[in-house]
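Participant: What follows is a single structure, and I will ask about it in a moment.
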Amino acid sequence: MSLISADVFISDIDRERFGIKTARVTGLDADNLSFVLDFCAREKVKFLIARCDMTDLNAAQSMEKQGFLLMDTLVYYTFDLTRKNIPDDHGPAIVRPIRLQEEQEMIAIARASFHGYVGHYHADPRLDKIKCDEAYTDWARKAFAARDAENFVVGEIEGQIVGFGVLRKNDPDEGEMFLGGIHPDFQGQGIYYSFLCKAMQWCLRQKTEKMVISTQLRNLPVQKVLSKFGFEISRGYYTYHKWFD
């Protein structure tokens, strides 16, 4: 039985950002591909962002036959909080909840850390690169507006904010740091390691059994840190774009 109508939708955020009627779909497979294409034709969609499981080569090849282009591969790493101890944090940054007056500092870090970041937006030559940069800044801004007391944290060194991370509980058993950035001037100093420690402590307080982190397959430095920390790769997704013109 295919997952169809529940997974494809018009993306108002992308339409507002790029000025293009955009649809998104997750869990795409060969069986529901025709439904998704019919939906796009019916709704006069110009641009489709589609994700499929990276183990589903049939889905990937079916999309490629229909003119979809691969834009990125997102891999997920999992840390089993019930079987592994959280390492001690000896990093240079103090990681703490963000304060209300620090929103603009956080936005500046998001803009600097994601400038030119090669996710699926930047990989598409038809999308405006400035607007692609702003997509991640907008994501951080929206996460700040929706934050609670502890799930939006910043890293501070000698009174200066140098990075941020946003946490969420995906389900009763899984927590995630789904967004974060470190200012380019402070990367490579162990600050990301401190964010991981703090994120795990948060997940334990939420009584989750595992924590996940996603990153681009090409982002080898982050994957090396995750592997060293004790995370193990658990799943991945291909992101495809299709233009209907």
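How things are named: the first chain in the structure tokens is A, the next is B, and so on; residues count from 1 in each chain; ligands count from 1 in the order shown.
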Leaving out His241 in chain A and any residue of its chain fewer than 3 positions from it, which residues lie within 8 Å of it when counting only C-alpha atoms, given as an mmCIF file with N, CA and C atoms, in the first residue's frame?
Facilitator:
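So the final result, stored in around.cif, reads:
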data_model
loop_
_atom_site.group_PDB
_atom_site.id
_atom_site.type_symbol
_atom_site.label_atom_id
_atom_site.label_comp_id
_atom_site.auth_asym_id
_atom_site.auth_seq_id
_atom_site.Cartn_x
_atom_site.Cartn_y
_atom_site.Cartn_z
ATOM 1 N N PHE A 47 7.706 23.564 -9.265
ATOM 2 C CA PHE A 47 8.938 23.062 -8.659
ATOM 3 C C PHE A 47 8.582 22.060 -7.561
ATOM 4 N N LEU A 48 9.191 20.861 -7.621
ATOM 5 C CA LEU A 48 8.913 19.803 -6.653
ATOM 6 C C LEU A 48 10.195 19.395 -5.933
ATOM 7 N N ILE A 49 10.120 19.323 -4.605
ATOM 8 C CA ILE A 49 11.213 18.819 -3.769
ATOM 9 C C ILE A 49 10.764 17.469 -3.231
ATOM 10 N N ALA A 50 11.503 16.412 -3.548
ATOM 11 C CA ALA A 50 11.079 15.053 -3.204
ATOM 12 C C ALA A 50 12.191 14.308 -2.491
ATOM 13 N N PHE A 68 13.861 13.888 -12.682
ATOM 14 C CA PHE A 68 14.303 14.406 -11.388
ATOM 15 C C PHE A 68 15.829 14.436 -11.349
ATOM 16 N N LEU A 69 16.381 15.421 -10.618
ATOM 17 C CA LEU A 69 17.831 15.525 -10.452
ATOM 18 C C LEU A 69 18.188 15.437 -8.970
ATOM 19 N N LEU A 70 19.193 14.628 -8.665
ATOM 20 C CA LEU A 70 19.648 14.464 -7.287
ATOM 21 C C LEU A 70 20.350 15.735 -6.819
ATOM 22 N N MET A 71 19.952 16.218 -5.621
ATOM 23 C CA MET A 71 20.517 17.448 -5.078
ATOM 24 C C MET A 71 21.344 17.224 -3.821
ATOM 25 N N ASP A 124 20.950 23.427 -6.476
ATOM 26 C CA ASP A 124 20.116 23.645 -7.662
ATOM 27 C C ASP A 124 20.507 24.963 -8.321
#
Participant: Which neighbours of range 116-119 of chain A fall inside 7 Å, counting only C-alpha atoms, when residues of the same chain fewer than 2 positions from it are skipped, and could you give them as a compact mmCIF listing (two decimals) with C-alpha atoms, in the first residue's frame?
Facilitator:
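See result13.txt below for the written result:
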# COMPACT_ATOMS: atom_id res chain seq x y z
CA ASP A 72 21.77 15.99 -1.80
CA PHE A 114 25.13 28.89 6.49
CA TYR A 121 18.73 24.49 -2.23
CA HIS A 122 22.26 25.61 -3.13
CA ALA A 123 22.84 22.51 -5.26
CA ASP A 133 21.23 31.46 2.19
Participant: Please give the complete set of residues from range 51-200 of chain A that DSSP, run on the backbone, assigns to strand (DSSP E), formatted as an MDAnalysis selection string.
Facilitator: chainID A and resid 51:53 69:80 94:97 152:157 160:171 174:182
Participant: Selected residues, C-alpha atoms, written as a JSON list (two decimals), in the first residue's frame, please.
Facilitator:
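Below is the file again-v1.json, written as the result:
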[["chain", "number", "residue", "atom", "x", "y", "z"],
["A", 51, "ARG", "CA", 12.79, 12.75, -0.72],
["A", 52, "CYS", "CA", 13.13, 8.98, -0.77],
["A", 53, "ASP", "CA", 14.91, 6.46, 1.39],
["A", 69, "LEU", "CA", 17.83, 15.53, -10.45],
["A", 70, "LEU", "CA", 19.65, 14.46, -7.29],
["A", 71, "MET", "CA", 20.52, 17.45, -5.08],
["A", 72, "ASP", "CA", 21.77, 15.99, -1.80],
["A", 73, "THR", "CA", 21.98, 12.94, 0.43],
["A", 74, "LEU", "CA", 21.00, 13.44, 4.05],
["A", 75, "VAL", "CA", 22.38, 10.88, 6.53],
["A", 76, "TYR", "CA", 21.18, 10.33, 10.09],
["A", 77, "TYR", "CA", 23.39, 9.26, 12.98],
["A", 78, "THR", "CA", 21.94, 7.81, 16.19],
["A", 79, "PHE", "CA", 23.32, 7.68, 19.75],
["A", 80, "ASP", "CA", 21.81, 5.05, 22.06],
["A", 94, "ILE", "CA", 29.53, 27.50, 27.83],
["A", 95, "VAL", "CA", 26.36, 26.07, 26.28],
["A", 96, "ARG", "CA", 23.19, 27.53, 27.80],
["A", 97, "PRO", "CA", 19.62, 28.50, 26.85],
["A", 152, "PHE", "CA", 17.22, 26.62, 21.96],
["A", 153, "VAL", "CA", 20.79, 26.87, 23.22],
["A", 154, "VAL", "CA", 23.80, 29.03, 22.41],
["A", 155, "GLY", "CA", 27.53, 28.61, 22.89],
["A", 156, "GLU", "CA", 29.31, 31.46, 24.63],
["A", 157, "ILE", "CA", 33.04, 32.19, 24.87],
["A", 160, "GLN", "CA", 30.47, 36.31, 22.99],
["A", 161, "ILE", "CA", 27.89, 34.05, 21.37],
["A", 162, "VAL", "CA", 29.67, 31.86, 18.84],
["A", 163, "GLY", "CA", 27.08, 29.23, 17.92],
["A", 164, "PHE", "CA", 23.57, 27.92, 18.47],
["A", 165, "GLY", "CA", 21.64, 24.65, 18.45],
["A", 166, "VAL", "CA", 17.94, 23.79, 18.41],
["A", 167, "LEU", "CA", 16.57, 20.63, 20.02],
["A", 168, "ARG", "CA", 13.27, 18.81, 19.70],
["A", 169, "LYS", "CA", 11.58, 15.62, 20.76],
["A", 170, "ASN", "CA", 10.50, 13.74, 17.65],
["A", 171, "ASP", "CA", 8.61, 11.02, 19.51],
["A", 174, "GLU", "CA", 13.82, 10.05, 20.09],
["A", 175, "GLY", "CA", 15.33, 13.48, 20.53],
["A", 176, "GLU", "CA", 17.18, 15.47, 17.90],
["A", 177, "MET", "CA", 19.39, 18.52, 17.43],
["A", 178, "PHE", "CA", 17.79, 19.46, 14.13],
["A", 179, "LEU", "CA", 19.39, 22.83, 13.48],
["A", 180, "GLY", "CA", 22.60, 24.50, 14.52],
["A", 181, "GLY", "CA", 25.49, 26.62, 13.40],
["A", 182, "ILE", "CA", 28.88, 27.80, 14.60]]
Participant: Rounded to one decimal, what separation in Å do you get between CA of Ala23 in chain A and CA of Ala60 in chain A?
Facilitator: 17.9 Å
Participant: Restricting the calculation to only C-alpha atoms: of A:Cys40, A:Ala108, A:Met54, A:Val8, which residue gets closest to Leu217 in chain A?
Facilitator: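 Of the candidates, the smallest distance to Leu217 in chain A is held by A:Met54.
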Participant: Counting only C-alpha atoms, which of A:Arg111, A:Lys198, A:Lys44, A:Arg205 gets nearest to Gly91 in chain A?
Facilitator: A:Lys198
Participant: Run DSSP on the backbone and give me the residues of range 199-238 of chain A it puts in alpha helix (DSSP H), as a list in words.
Facilitator: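 Matching residues for alpha helix (DSSP H) in range 199-238 of chain A are Ala199, Met200, Gln201, Trp202, Cys203, Leu204, Arg205, Leu220, Pro221, Val222, Gln223, Lys224, Val225, Leu226, Ser227, Lys228 and Phe229 of chain A.
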